[in-house]
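Enquirer: Compact mmCIF, C-alpha atoms, saved as run07.txt, coming up:
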# COMPACT_ATOMS: atom_id res chain seq x y z
CA MET U 1045 0.00 0.00 0.00
CA ALA U 1046 2.86 2.37 0.78
CA ASP U 1047 4.66 4.22 -2.00
CA GLN U 1048 7.89 4.26 -0.07
CA LEU U 1049 9.35 2.47 2.93
CA LEU U 1050 11.61 4.13 5.47
CA ASP U 1051 13.40 1.79 7.84
CA ALA U 1052 14.26 3.87 10.90
CA LYS U 1053 14.69 0.91 13.25
CA GLY U 1054 17.48 1.35 15.74
CA LEU U 1055 17.44 5.12 15.39
CA ASN U 1056 16.68 7.39 18.28
CA CYS U 1057 14.96 10.76 18.53
CA PRO U 1058 14.99 12.98 16.50
CA LEU U 1059 16.23 10.86 13.60
CA PRO U 1060 12.97 8.99 12.83
CA ILE U 1061 11.17 12.33 12.36
CA LEU U 1062 14.02 13.96 10.46
CA LYS U 1063 14.39 11.03 8.09
CA ALA U 1064 10.63 10.83 7.60
CA LYS U 1065 10.57 14.51 6.70
CA LYS U 1066 13.33 13.97 4.15
CA ALA U 1067 11.56 10.95 2.64
CA LEU U 1068 8.26 12.82 2.41
CA LYS U 1069 9.97 15.56 0.45
CA SER U 1070 10.57 13.17 -2.41
CA LEU U 1071 6.94 12.01 -2.52
CA GLU U 1072 4.02 13.55 -4.35
CA GLY U 1073 0.99 14.82 -2.48
CA GLY U 1074 -1.33 11.93 -1.69
CA GLN U 1075 1.43 9.32 -1.69
CA VAL U 1076 2.03 7.22 1.41
CA LEU U 1077 5.24 6.72 3.34
CA GLU U 1078 5.64 3.70 5.60
CA VAL U 1079 7.99 4.23 8.53
CA LEU U 1080 9.38 1.51 10.78
CA SER U 1081 10.75 2.56 14.15
CA THR U 1082 11.89 0.90 17.35
CA ASP U 1083 11.78 4.18 19.31
CA PRO U 1084 8.81 4.20 21.71
CA GLY U 1085 9.01 7.99 21.83
CA SER U 1086 8.14 8.05 18.15
CA VAL U 1087 4.50 7.24 18.91
CA ALA U 1088 3.74 10.66 20.32
CA ASP U 1089 6.23 12.31 17.98
CA PHE U 1090 4.67 11.11 14.74
CA SER U 1091 1.19 12.20 15.89
CA ALA U 1092 2.56 15.62 16.74
CA PHE U 1093 4.53 15.80 13.49
CA CYS U 1094 1.48 14.99 11.37
CA ARG U 1095 -0.79 17.38 13.26
CA THR U 1096 1.68 20.22 12.83
CA THR U 1097 2.64 19.59 9.21
CA GLY U 1098 -0.81 18.63 7.92
CA ASN U 1099 0.37 15.24 6.70
CA GLU U 1100 -2.15 12.51 7.51
CA LEU U 1101 -1.29 9.75 9.94
CA VAL U 1102 -3.25 7.04 8.14
CA GLU U 1103 -2.36 4.24 10.50
CA GLU U 1104 -0.08 3.45 13.39
CA SER U 1105 0.56 -0.02 14.78
CA GLU U 1106 3.03 -1.91 16.88
CA ALA U 1107 4.25 -5.47 16.82
CA ASP U 1108 7.17 -7.00 18.70
CA GLY U 1109 8.62 -3.62 19.61
CA ILE U 1110 8.50 -2.33 16.04
CA TYR U 1111 6.22 0.64 15.40
CA THR U 1112 4.80 1.10 11.94
CA TYR U 1113 3.45 4.43 10.71
CA LEU U 1114 1.64 5.07 7.45
CA ILE U 1115 1.80 8.76 6.57
CA ARG U 1116 0.02 10.29 3.63
CA LYS U 1117 1.68 13.41 2.29
CA ALA U 1118 -0.49 16.51 2.27
CA GLY U 1119 -1.33 18.25 -0.98
CA MET N 727 2.90 57.33 9.90
CA SER N 728 4.22 54.84 7.40
CA SER N 729 3.37 51.15 7.36
CA THR N 730 6.97 50.24 8.24
CA GLU N 731 6.42 51.60 11.75
CA LEU N 732 3.69 49.07 12.44
CA LYS N 733 4.93 45.85 14.04
CA PRO N 734 3.84 43.00 11.81
CA GLY N 735 2.00 40.03 13.28
CA ILE N 736 4.35 37.32 14.45
CA ASP N 737 4.24 34.01 12.63
CA PRO N 738 3.65 31.33 15.27
CA ASN N 739 5.89 28.95 13.32
CA THR N 740 9.10 30.76 14.19
CA MET N 741 11.72 29.84 16.76
CA SER N 742 14.99 31.26 17.96
CA ILE N 743 17.55 29.61 20.23
CA ILE N 744 20.43 31.27 22.06
CA VAL N 745 23.14 28.62 22.43
CA THR N 746 25.48 29.40 25.30
CA LYS N 747 27.05 26.06 26.14
CA GLY N 748 29.34 23.84 24.11
CA SER N 749 29.91 20.59 25.94
CA LEU N 750 28.81 17.33 24.32
CA ASP N 751 25.73 16.98 26.49
CA TRP N 752 24.64 20.60 26.16
CA ALA N 753 25.08 20.54 22.39
CA TYR N 754 22.14 18.17 22.04
CA PRO N 755 19.14 20.22 23.17
CA PRO N 756 19.67 23.13 20.74
CA PHE N 757 20.40 20.90 17.75
CA ILE N 758 17.59 18.44 18.44
CA LEU N 759 15.11 21.26 18.91
CA SER N 760 16.23 23.22 15.86
CA THR N 761 16.27 20.25 13.48
CA THR N 762 12.95 18.89 14.70
CA ALA N 763 11.30 22.31 14.57
CA ALA N 764 12.60 22.79 11.05
CA ALA N 765 11.25 19.35 10.09
CA MET N 766 7.88 20.47 11.42
CA GLY N 767 7.84 23.54 9.25
CA LEU N 768 9.14 26.17 11.62
CA GLU N 769 11.60 28.85 10.62
CA VAL N 770 14.50 28.53 13.05
CA THR N 771 17.43 30.75 14.01
CA MET N 772 20.27 29.72 16.29
CA PHE N 773 22.53 32.33 17.88
CA PHE N 774 25.81 30.87 19.15
CA THR N 775 27.52 32.83 21.88
CA PHE N 776 30.16 32.26 24.55
CA TYR N 777 30.75 28.57 25.05
CA GLY N 778 28.18 27.76 22.37
CA LEU N 779 30.35 29.33 19.68
CA PRO N 780 32.77 26.37 19.33
CA LEU N 781 29.79 24.28 18.20
CA LEU N 782 30.19 26.04 14.85
CA MET N 783 33.78 24.97 14.36
CA LYS N 784 34.74 22.78 11.43
CA ASP N 785 36.56 20.37 13.71
CA LEU N 786 34.37 19.42 16.61
CA SER N 787 35.94 17.66 19.54
CA LEU N 788 33.20 17.89 22.09
CA GLN N 789 33.73 16.71 25.59
CA VAL N 790 31.62 16.14 28.65
CA SER N 791 32.58 16.28 32.31
CA SER N 792 30.87 14.99 35.39
CA LEU N 793 32.82 17.47 37.52
CA GLY N 794 30.39 19.48 39.58
CA ASN N 795 27.46 17.72 37.93
CA PRO N 796 25.89 15.45 40.53
CA ALA N 797 23.02 14.68 38.15
CA MET N 798 25.29 12.92 35.70
CA LYS N 799 25.00 9.22 36.34
CA MET N 800 25.80 6.87 33.51
CA PRO N 801 24.54 3.32 33.00
CA MET N 802 27.36 1.03 34.07
CA MET N 803 27.32 -2.57 35.17
CA GLY N 804 23.56 -2.65 35.42
CA MET N 805 23.32 0.46 37.61
CA HIS N 806 23.58 4.21 37.21
CA MET N 807 26.88 5.49 38.54
CA GLY N 808 28.32 8.93 39.03
CA MET N 809 32.01 9.73 39.21
CA PRO N 810 33.47 11.45 42.27
CA ASN N 811 34.61 15.01 41.54
CA ILE N 812 38.13 14.17 42.61
CA VAL N 813 38.34 11.53 39.87
CA SER N 814 36.89 13.87 37.21
CA ALA N 815 39.62 16.36 38.09
CA ILE N 816 42.38 13.96 37.02
CA PRO N 817 43.81 14.79 33.58
CA GLY N 818 42.52 12.51 30.86
CA VAL N 819 39.42 11.42 32.74
CA ASP N 820 37.16 13.88 30.92
CA ALA N 821 38.45 12.66 27.58
CA ALA N 822 37.79 9.06 28.57
CA ALA N 823 34.31 9.87 29.86
CA SER N 824 33.57 11.75 26.62
CA LYS N 825 34.67 8.76 24.56
CA MET N 826 32.43 6.50 26.62
CA MET N 827 29.49 8.79 26.16
CA LYS N 828 30.04 9.01 22.41
CA ASN N 829 30.15 5.21 22.25
CA LEU N 830 26.90 5.03 24.19
CA ILE N 831 25.32 7.57 21.86
CA LYS N 832 26.36 5.58 18.81
CA LYS N 833 25.20 2.30 20.33
CA LYS N 834 21.75 3.71 21.07
CA GLY N 835 21.25 5.02 17.55
CA VAL N 836 21.32 8.64 18.63
CA ALA N 837 22.60 11.07 16.03
CA SER N 838 26.06 12.56 16.47
CA ILE N 839 26.41 16.32 16.82
CA PRO N 840 28.14 16.68 13.43
CA GLU N 841 25.24 14.78 11.86
CA LEU N 842 22.61 16.92 13.58
CA ARG N 843 24.46 20.07 12.67
CA GLU N 844 24.59 19.05 9.01
CA LEU N 845 20.86 18.30 9.10
CA ALA N 846 20.29 21.76 10.55
CA VAL N 847 22.30 23.39 7.76
CA GLU N 848 20.43 21.34 5.14
CA ALA N 849 17.13 22.39 6.68
CA ASP N 850 18.08 26.05 6.26
CA VAL N 851 18.28 26.72 9.98
CA ARG N 852 19.77 30.19 10.24
CA MET N 853 23.00 30.09 12.26
CA ILE N 854 24.52 33.24 13.64
CA ALA N 855 27.90 33.42 15.37
CA CYS N 856 28.29 36.06 18.05
CA GLN N 857 30.85 38.62 16.85
CA MET N 858 31.83 39.62 20.37
CA THR N 859 32.60 36.04 21.36
CA LEU N 860 34.69 35.59 18.21
CA ASP N 861 36.77 38.59 19.24
CA LEU N 862 36.86 37.75 22.92
CA PHE N 863 38.15 34.22 22.55
CA GLU N 864 40.14 35.01 19.42
CA TYR N 865 38.35 32.63 17.08
CA SER N 866 38.46 33.15 13.34
CA LYS N 867 35.55 32.81 10.92
CA ASP N 868 37.79 30.44 8.95
CA ASP N 869 37.63 28.00 11.85
CA MET N 870 33.85 27.85 11.45
CA ILE N 871 31.67 25.89 9.07
CA GLU N 872 30.39 27.49 5.88
CA GLY N 873 27.09 29.21 5.63
CA ILE N 874 26.97 30.96 8.97
CA GLU N 875 26.36 34.65 9.60
CA ILE N 876 28.14 36.88 12.08
CA GLY N 877 26.16 39.23 14.26
CA GLY N 878 25.81 40.89 17.60
CA ALA N 879 23.17 41.21 20.25
CA ALA N 880 21.03 43.57 18.20
CA THR N 881 20.97 41.05 15.38
CA TYR N 882 19.62 38.45 17.76
CA ILE N 883 17.10 40.85 19.34
CA GLU N 884 15.68 41.66 15.94
CA VAL N 885 15.24 37.96 15.22
CA ALA N 886 13.60 37.49 18.63
CA THR N 887 11.09 40.28 18.05
CA GLN N 888 9.89 38.38 14.98
CA SER N 889 10.01 34.98 16.58
CA HIS N 890 7.21 33.29 18.50
CA ILE N 891 9.34 30.82 20.43
CA ASN N 892 12.58 32.11 21.97
CA LEU N 893 14.74 29.77 23.95
CA PHE N 894 17.88 30.26 26.03
CA ILE N 895 19.96 27.12 26.33
Any chance you could put this one into structure tokens?
Expert:
Amino acid sequence: MADQLLDAKGLNCPLPILKAKKALKSLEGGQVLEVLSTDPGSVADFSAFCRTTGNELVEESEADGIYTYLIRKAG
Amino acid sequence: MSSTELKPGIDPNTMSIIVTKGSLDWAYPPFILSTTAAAMGLEVTMFFTFYGLPLLMKDLSLQVSSLGNPAMKMPMMGMHMGMPNIVSAIPGVDAAASKMMKNLIKKKGVASIPELRELAVEADVRMIACQMTLDLFEYSKDDMIEGIEIGGAATYIEVATQSHINLFI
């Protein structure tokens, strides 16, 4: 479903957000970025990031300590 | 009365940070905040003064010391341990502690300061070096990374009057 996958596992704040921002830059509006993270702090961070930037947090889930975020780029 | 005398409305998505400290641990808050704010669409300015100025140098060799810092307790052997001041005062101990902290940072997947700084530059974070500090401690602009501005207090104050979030670190 995602147009691009960003593996941010093993990275700590603020890298998951910074790398997601960079990846989103290369997407078109409406496309979806899938982000994988092992940072528990990223849960609140990705919600805040999407609220502030207007990108849509389509889905967030967790399994075995890996958090998955589906973010649809605004525009 | 011309329109230039009216103070324009301040954009809430603006942030300025005065950076006054340059040890390894204190380098993190300003760079994490500035890069994250920039990633969230804010316009960010960092003003580096006093001990924050060396954070703009091309060659960074940041150190940390537990001397006089009773809050610094590092994970060691399953516990959190601090180092007695008398040990921190021995030559070479700070360098060793700094190396240990950098190893811990790398192991935990935390970005290094050079990496964060580069991300800040890429994100068009405005970086201003304090002219007075340059003179005072006899630093040269050639020692600093490319793309920075030089300014004084008034330069910062002007930025702050147009900035919604102003932090002193």
Enquirer: Give me, as a ChimeraX atom specification, the residues of chain N touching chain U, with the criterion being at most 8 Å (counting all atoms listed in the file).
Expert: /N:758,761-762,765-767,834-837
Enquirer: Which residue, U:Val1087, U:Leu1101, U:Leu1050, U:Val1079, has the smallest gap to Lys1117 of chain U when you use all atoms listed in the file?
Expert: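 Nearest to Lys1117 of chain U: U:Leu1101.
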Enquirer: Which neighbours of segment 740-748 of chain N fall inside 9 Å, counting all atoms listed in the file, when residues of the same chain fewer than 2 positions from it are skipped, and could you give them as a PyMOL selection string?
Expert: chain N and resi 736-738+750-753+756+759-760+763+767-781+788-789+882+885-886+888-895
Enquirer: Work out how far apart atom CA of Gln857 of chain N and atom CA of Pro840 of chain N are and give it in Å to one decimal.
Expert: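 For atom CA of Gln857 of chain N relative to atom CA of Pro840 of chain N, the distance reads 22.4 Å.
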Enquirer: Work out how far atom CA of Ala880 of chain N is from atom CA of Met858 of chain N, in Å to one decimal.
Expert: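 These two atoms are separated by 11.7 Å.
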Enquirer: Report, in Å to a single decimal, how far apart atom CA of Ala855 of chain N and atom CA of Ile839 of chain N are.
Expert: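 Straight-line distance from atom CA of Ile839 of chain N to atom CA of Ala855 of chain N works out to 17.2 Å.
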